[in-house]
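*Asks:* This is the content of upload_31.json (JSON, C-alpha atoms):
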```
[["chain", "number", "residue", "atom", "x", "y", "z"],
["A", 1, "MET", "CA", 46.41, 245.60, 36.99],
["A", 2, "GLU", "CA", 45.93, 242.08, 35.65],
["A", 3, "ASN", "CA", 48.84, 239.84, 34.76],
["A", 4, "PHE", "CA", 49.52, 238.36, 31.32],
["A", 5, "SER", "CA", 47.86, 235.04, 32.13],
["A", 6, "GLU", "CA", 44.64, 236.76, 33.24],
["A", 7, "SER", "CA", 44.68, 238.99, 30.17],
["A", 8, "LEU", "CA", 45.25, 236.01, 27.86],
["A", 9, "SER", "CA", 42.41, 234.07, 29.48],
["A", 10, "CYS", "CA", 40.05, 237.02, 29.06],
["A", 11, "GLY", "CA", 41.13, 237.42, 25.43],
["A", 12, "LYS", "CA", 40.49, 233.74, 24.68],
["A", 13, "ILE", "CA", 36.96, 234.04, 26.03],
["A", 14, "GLY", "CA", 36.36, 236.99, 23.70],
["A", 15, "GLU", "CA", 37.80, 235.06, 20.76],
["A", 16, "GLU", "CA", 35.50, 232.11, 21.49],
["A", 17, "MET", "CA", 32.47, 234.43, 21.61],
["A", 18, "VAL", "CA", 33.32, 236.01, 18.26],
["A", 19, "ALA", "CA", 34.07, 232.66, 16.59],
["A", 20, "ALA", "CA", 30.76, 231.23, 17.80],
["A", 21, "ALA", "CA", 28.82, 234.26, 16.54],
["A", 22, "LEU", "CA", 30.50, 234.06, 13.13],
["A", 23, "GLN", "CA", 29.92, 230.32, 12.83],
["A", 24, "LYS", "CA", 26.27, 230.77, 13.79],
["A", 25, "ARG", "CA", 25.96, 233.05, 10.75],
["A", 26, "GLY", "CA", 27.38, 230.41, 8.40],
["A", 27, "ASN", "CA", 31.02, 231.47, 8.34],
["A", 28, "ILE", "CA", 33.91, 229.03, 8.38],
["A", 29, "VAL", "CA", 36.31, 230.17, 11.10],
["A", 30, "LEU", "CA", 39.87, 228.92, 11.37],
["A", 31, "ASP", "CA", 41.61, 229.84, 14.63],
["A", 32, "VAL", "CA", 45.21, 230.79, 13.82],
["A", 33, "SER", "CA", 45.90, 232.62, 17.10],
["A", 34, "SER", "CA", 48.46, 230.00, 18.15],
["A", 35, "CYS", "CA", 50.41, 230.13, 14.88],
["A", 36, "ARG", "CA", 53.58, 232.22, 15.18],
["A", 37, "ASP", "CA", 53.28, 233.67, 11.65],
["A", 38, "TYR", "CA", 49.80, 234.98, 12.39],
["A", 39, "GLN", "CA", 50.75, 236.13, 15.88],
["A", 40, "ASN", "CA", 53.41, 238.31, 14.27],
["A", 41, "LYS", "CA", 50.68, 239.88, 12.13],
["A", 42, "ASP", "CA", 48.25, 240.08, 15.07],
["A", 43, "ILE", "CA", 45.60, 237.95, 13.33],
["A", 44, "ASP", "CA", 43.37, 235.56, 15.29],
["A", 45, "PHE", "CA", 41.06, 234.11, 12.65],
["A", 46, "LEU", "CA", 40.81, 233.32, 8.98],
["A", 47, "VAL", "CA", 37.14, 233.68, 8.08],
["A", 48, "SER", "CA", 35.42, 232.57, 4.89],
["A", 49, "LYS", "CA", 31.89, 232.48, 3.53],
["A", 50, "ASN", "CA", 30.63, 232.13, -0.03],
["A", 51, "LYS", "CA", 34.22, 231.99, -1.37],
["A", 52, "GLN", "CA", 35.07, 235.32, 0.27],
["A", 53, "LYS", "CA", 37.99, 235.22, 2.67],
["A", 54, "THR", "CA", 39.12, 237.72, 5.27],
["A", 55, "THR", "CA", 41.23, 237.99, 8.41],
["A", 56, "LEU", "CA", 40.09, 239.08, 11.85],
["A", 57, "GLU", "CA", 41.74, 240.20, 15.07],
["A", 58, "VAL", "CA", 39.74, 240.12, 18.31],
["A", 59, "LYS", "CA", 40.37, 242.60, 21.10],
["A", 60, "ASN", "CA", 38.73, 242.30, 24.49],
["A", 61, "ASP", "CA", 38.31, 245.54, 26.43],
["A", 62, "ARG", "CA", 36.65, 244.88, 29.77],
["A", 63, "ARG", "CA", 36.55, 248.57, 30.67],
["A", 64, "SER", "CA", 34.98, 250.00, 27.50],
["A", 65, "GLU", "CA", 31.48, 250.00, 28.97],
["A", 66, "GLU", "CA", 32.76, 251.85, 32.03],
["A", 67, "THR", "CA", 34.91, 254.35, 30.13],
["A", 68, "GLY", "CA", 32.85, 254.73, 26.95],
["A", 69, "ASN", "CA", 36.06, 254.27, 24.97],
["A", 70, "VAL", "CA", 37.83, 251.50, 23.11],
["A", 71, "TYR", "CA", 41.47, 250.92, 24.05],
["A", 72, "ILE", "CA", 43.90, 251.21, 21.14],
["A", 73, "ASP", "CA", 47.35, 249.91, 22.07],
["A", 74, "THR", "CA", 49.93, 252.24, 20.49],
["A", 75, "TYR", "CA", 52.74, 251.64, 22.99],
["A", 76, "ASN", "CA", 53.69, 248.40, 24.70],
["A", 77, "THR", "CA", 56.61, 248.25, 27.10],
["A", 78, "ASN", "CA", 56.74, 244.47, 26.67],
["A", 79, "ASN", "CA", 57.35, 244.68, 22.93],
["A", 80, "ALA", "CA", 61.01, 245.68, 22.67],
["A", 81, "SER", "CA", 61.45, 243.67, 19.45],
["A", 82, "ARG", "CA", 59.15, 246.18, 17.75],
["A", 83, "ASN", "CA", 60.48, 249.31, 19.45],
["A", 84, "ASN", "CA", 57.62, 249.12, 21.96],
["A", 85, "ALA", "CA", 54.97, 249.51, 19.27],
["A", 86, "GLY", "CA", 51.46, 248.49, 20.23],
["A", 87, "TRP", "CA", 49.29, 246.22, 18.10],
["A", 88, "PHE", "CA", 47.77, 249.22, 16.30],
["A", 89, "PHE", "CA", 50.98, 249.67, 14.31],
["A", 90, "TYR", "CA", 51.54, 246.08, 13.18],
["A", 91, "CYS", "CA", 48.14, 244.40, 13.06],
["A", 92, "GLU", "CA", 47.55, 243.18, 9.51],
["A", 93, "ALA", "CA", 44.00, 241.89, 10.02],
["A", 94, "ASP", "CA", 41.35, 243.08, 7.58],
["A", 95, "PHE", "CA", 38.87, 243.58, 10.44],
["A", 96, "LEU", "CA", 38.93, 244.13, 14.20],
["A", 97, "ALA", "CA", 36.28, 242.81, 16.55],
["A", 98, "PHE", "CA", 36.04, 244.48, 19.94],
["A", 99, "VAL", "CA", 34.44, 242.52, 22.77],
["A", 100, "GLN", "CA", 33.56, 243.91, 26.19]]
```
Taking this structure as input, can you express it in the form of structure tokens?
*Replies:*
Amino acid sequence: MENFSESLSCGKIGEEMVAAALQKRGNIVLDVSSCRDYQNKDIDFLVSKNKQKTTLEVKNDRRSEETGNVYIDTYNTNNASRNNAGWFFYCEADFLAFVQ
């Protein structure tokens, strides 16, 4: 089991990959992952292109290739402030990007 620091580091790498891919396709990507208001909504990026705006959350699942599944966090023992709800129940992003 990895610790929080390892998990965060892995997640940041996934976020960087997604941001680079979006920017390569002409999108403007604003990283809001460090902003408390967006953290509370589980949103990593504000993305815009051709006057269209959307929000994106990036999830990194290093075991999806091995398991053939995508991990959906519905329960989180470290989230007592939200009755242990996982991100699935409070993420307000318009889109999810899963990275493996």
*Asks:* What's around stretch 63-66 of chain A at 9 Å? Count all atoms listed in the file, leave out sequence neighbours fewer than 4 positions away in its own chain, and write the answer as a ChimeraX atom specification.
*Replies:* /A:70-71,99-100
*Asks:* I want to know what sits within 9 Å of stretch 15-19 of chain A, based on only C-alpha atoms, with residues of the same chain fewer than 5 positions away left out; could you give that as a list of chain:residue names?
*Replies:*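 Counting only C-alpha atoms, the residues come to A:Cys10, A:Lys24, A:Asn27, A:Ile28, A:Val29, A:Leu30, A:Asp31, A:Asp44, A:Phe45, A:Glu57, A:Val58, A:Lys59, A:Asn60, A:Ala97, A:Val99.
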*Asks:* Measuring atom to atom with only C-alpha atoms, identify which of A:Leu56, A:Lys49, A:Arg36, A:Gly11 is nearest to A:Cys91.
*Replies:*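 Checking each of A:Leu56, A:Lys49, A:Arg36, A:Gly11 against A:Cys91, counting only C-alpha atoms, the winner is A:Leu56.
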*Asks:* I'd like the interatomic distance between atom CA of A:Lys51 and atom CA of A:Gly26, to a tenth of an Å.
*Replies:*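 Going from atom CA of A:Lys51 over to atom CA of A:Gly26, I get 12.0 Å.
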*Asks:* Restricting the calculation to all atoms listed in the file: of A:Arg25, A:Ala85, A:Phe98, A:Ile13, which residue gets closest to A:Asp73?
*Replies:* A:Ala85
*Asks:* So the first atom is atom CA of A:Val32 and the second is atom CA of A:Asp61; what is the distance between them in Å, to one decimal place?
*Replies:*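 Answer for the atom CA of A:Val32 to atom CA of A:Asp61 separation: 20.6 Å.
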*Asks:* Quick one: distance from atom CA of A:Asp42 to atom CA of A:Asp94 in Å, one decimal?
*Replies:*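 Between these atoms lies a distance of 10.6 Å.
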*Asks:* Could you check which of A:Ala20, A:Arg62, A:Lys53, A:Lys12 is closest to A:Ser34, using only C-alpha atoms?
*Replies:*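 The shortest atom-to-atom distance to A:Ser34 comes from A:Lys12.
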*Asks:* Output as AutoDock Vina command-line options the centre and edge lengths (Å, one decimal) of the box along x, y and z of the file that holds every listed atom of stretch 88-93 of chain A after adding 3 Å on each side.
*Replies:*
```
--center_x 47.8 --center_y 245.8 --center_z 12.9 --size_x 13.5 --size_y 13.8 --size_z 12.8
```
*Asks:* Considering only C-alpha atoms, can you say which of A:Asn83, A:Gln23, A:Asn50, A:Thr55 comes closest to A:Tyr38?
*Replies:* A:Thr55
*Asks:* Write out as a list in words which residues come within 9 Å of A:Lys41 when counting only C-alpha atoms, dropping same-chain ones fewer than 6 positions away.
*Replies:*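 Using only C-alpha atoms, the neighbours found are Trp87, Tyr90, Cys91, Glu92 and Ala93 of chain A.
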*Asks:* Can I get a file of stretch 84-95 of chain A from the given structure, all heavy atoms kept, as an mmCIF file, in the first residue's frame?
*Replies:*
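result-v8.cif, written as the output of this step:
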```cif
data_model
loop_
_atom_site.group_PDB
_atom_site.id
_atom_site.type_symbol
_atom_site.label_atom_id
_atom_site.label_comp_id
_atom_site.auth_asym_id
_atom_site.auth_seq_id
_atom_site.Cartn_x
_atom_site.Cartn_y
_atom_site.Cartn_z
ATOM 1 N N ASN A 84 -16.988 10.006 5.256
ATOM 2 C CA ASN A 84 -16.186 8.993 4.578
ATOM 3 C C ASN A 84 -16.574 8.764 3.115
ATOM 4 O O ASN A 84 -16.277 7.715 2.547
ATOM 5 C CB ASN A 84 -16.190 7.669 5.351
ATOM 6 C CG ASN A 84 -15.587 7.841 6.727
ATOM 7 O OD1 ASN A 84 -16.303 8.014 7.701
ATOM 8 N ND2 ASN A 84 -14.277 7.839 6.812
ATOM 9 N N ALA A 85 -17.216 9.729 2.514
ATOM 10 C CA ALA A 85 -17.578 9.609 1.097
ATOM 11 C C ALA A 85 -16.337 9.698 0.225
ATOM 12 O O ALA A 85 -15.438 10.492 0.473
ATOM 13 C CB ALA A 85 -18.556 10.715 0.706
ATOM 14 N N GLY A 86 -16.282 8.874 -0.791
ATOM 15 C CA GLY A 86 -15.218 8.937 -1.777
ATOM 16 C C GLY A 86 -15.502 10.013 -2.802
ATOM 17 O O GLY A 86 -16.606 10.579 -2.858
ATOM 18 N N TRP A 87 -14.520 10.294 -3.654
ATOM 19 C CA TRP A 87 -14.643 11.393 -4.621
ATOM 20 C C TRP A 87 -15.851 11.235 -5.547
ATOM 21 O O TRP A 87 -16.397 12.215 -6.027
ATOM 22 C CB TRP A 87 -13.362 11.566 -5.432
ATOM 23 C CG TRP A 87 -12.999 10.389 -6.300
ATOM 24 C CD1 TRP A 87 -12.072 9.432 -6.008
ATOM 25 C CD2 TRP A 87 -13.531 10.057 -7.581
ATOM 26 N NE1 TRP A 87 -12.016 8.522 -7.033
ATOM 27 C CE2 TRP A 87 -12.901 8.876 -8.020
ATOM 28 C CE3 TRP A 87 -14.490 10.620 -8.408
ATOM 29 C CZ2 TRP A 87 -13.183 8.267 -9.237
ATOM 30 C CZ3 TRP A 87 -14.779 10.006 -9.638
ATOM 31 C CH2 TRP A 87 -14.130 8.847 -10.033
ATOM 32 N N PHE A 88 -16.265 10.024 -5.792
ATOM 33 C CA PHE A 88 -17.396 9.775 -6.693
ATOM 34 C C PHE A 88 -18.642 10.562 -6.280
ATOM 35 O O PHE A 88 -19.410 11.002 -7.128
ATOM 36 C CB PHE A 88 -17.701 8.276 -6.724
ATOM 37 C CG PHE A 88 -18.890 7.914 -7.562
ATOM 38 C CD1 PHE A 88 -18.789 7.861 -8.938
ATOM 39 C CD2 PHE A 88 -20.111 7.638 -6.976
ATOM 40 C CE1 PHE A 88 -19.890 7.535 -9.717
ATOM 41 C CE2 PHE A 88 -21.211 7.311 -7.743
ATOM 42 C CZ PHE A 88 -21.098 7.264 -9.121
ATOM 43 N N PHE A 89 -18.825 10.765 -4.987
ATOM 44 C CA PHE A 89 -20.038 11.408 -4.492
ATOM 45 C C PHE A 89 -19.967 12.931 -4.429
ATOM 46 O O PHE A 89 -20.987 13.591 -4.280
ATOM 47 C CB PHE A 89 -20.415 10.857 -3.117
ATOM 48 C CG PHE A 89 -20.837 9.424 -3.186
ATOM 49 C CD1 PHE A 89 -20.018 8.432 -2.694
ATOM 50 C CD2 PHE A 89 -22.036 9.067 -3.774
ATOM 51 C CE1 PHE A 89 -20.397 7.097 -2.764
ATOM 52 C CE2 PHE A 89 -22.431 7.742 -3.860
ATOM 53 C CZ PHE A 89 -21.600 6.756 -3.349
ATOM 54 N N TYR A 90 -18.770 13.509 -4.527
ATOM 55 C CA TYR A 90 -18.698 14.968 -4.429
ATOM 56 C C TYR A 90 -17.946 15.644 -5.573
ATOM 57 O O TYR A 90 -17.905 16.873 -5.645
ATOM 58 C CB TYR A 90 -18.118 15.417 -3.083
ATOM 59 C CG TYR A 90 -16.724 14.937 -2.785
ATOM 60 C CD1 TYR A 90 -15.618 15.643 -3.240
ATOM 61 C CD2 TYR A 90 -16.505 13.796 -2.030
ATOM 62 C CE1 TYR A 90 -14.338 15.210 -2.966
ATOM 63 C CE2 TYR A 90 -15.224 13.361 -1.743
ATOM 64 C CZ TYR A 90 -14.152 14.072 -2.217
ATOM 65 O OH TYR A 90 -12.890 13.642 -1.948
ATOM 66 N N CYS A 91 -17.410 14.888 -6.486
ATOM 67 C CA CYS A 91 -16.711 15.475 -7.628
ATOM 68 C C CYS A 91 -17.707 16.254 -8.483
ATOM 69 O O CYS A 91 -18.753 15.738 -8.881
ATOM 70 C CB CYS A 91 -16.050 14.381 -8.454
ATOM 71 S SG CYS A 91 -15.178 15.012 -9.888
ATOM 72 N N GLU A 92 -17.401 17.507 -8.753
ATOM 73 C CA GLU A 92 -18.271 18.358 -9.552
ATOM 74 C C GLU A 92 -17.713 18.636 -10.944
ATOM 75 O O GLU A 92 -18.253 19.465 -11.677
ATOM 76 C CB GLU A 92 -18.524 19.681 -8.820
ATOM 77 C CG GLU A 92 -19.291 19.516 -7.528
ATOM 78 C CD GLU A 92 -19.571 20.840 -6.850
ATOM 79 O OE1 GLU A 92 -19.761 21.857 -7.556
ATOM 80 O OE2 GLU A 92 -19.597 20.863 -5.607
ATOM 81 N N ALA A 93 -16.648 17.942 -11.324
ATOM 82 C CA ALA A 93 -16.055 18.153 -12.643
ATOM 83 C C ALA A 93 -17.009 17.687 -13.743
ATOM 84 O O ALA A 93 -17.751 16.729 -13.575
ATOM 85 C CB ALA A 93 -14.734 17.392 -12.753
ATOM 86 N N ASP A 94 -16.958 18.395 -14.864
ATOM 87 C CA ASP A 94 -17.777 18.006 -16.015
ATOM 88 C C ASP A 94 -17.272 16.700 -16.628
ATOM 89 O O ASP A 94 -18.066 15.900 -17.134
ATOM 90 C CB ASP A 94 -17.737 19.104 -17.086
ATOM 91 C CG ASP A 94 -18.341 20.406 -16.609
ATOM 92 O OD1 ASP A 94 -19.388 20.367 -15.936
ATOM 93 O OD2 ASP A 94 -17.761 21.475 -16.902
ATOM 94 N N PHE A 95 -15.946 16.496 -16.597
ATOM 95 C CA PHE A 95 -15.344 15.308 -17.200
ATOM 96 C C PHE A 95 -14.297 14.715 -16.265
ATOM 97 O O PHE A 95 -13.659 15.427 -15.493
ATOM 98 C CB PHE A 95 -14.675 15.660 -18.533
ATOM 99 C CG PHE A 95 -15.638 16.068 -19.589
ATOM 100 C CD1 PHE A 95 -15.913 17.407 -19.810
ATOM 101 C CD2 PHE A 95 -16.290 15.125 -20.370
ATOM 102 C CE1 PHE A 95 -16.805 17.804 -20.780
ATOM 103 C CE2 PHE A 95 -17.199 15.506 -21.343
ATOM 104 C CZ PHE A 95 -17.461 16.842 -21.548
#
```
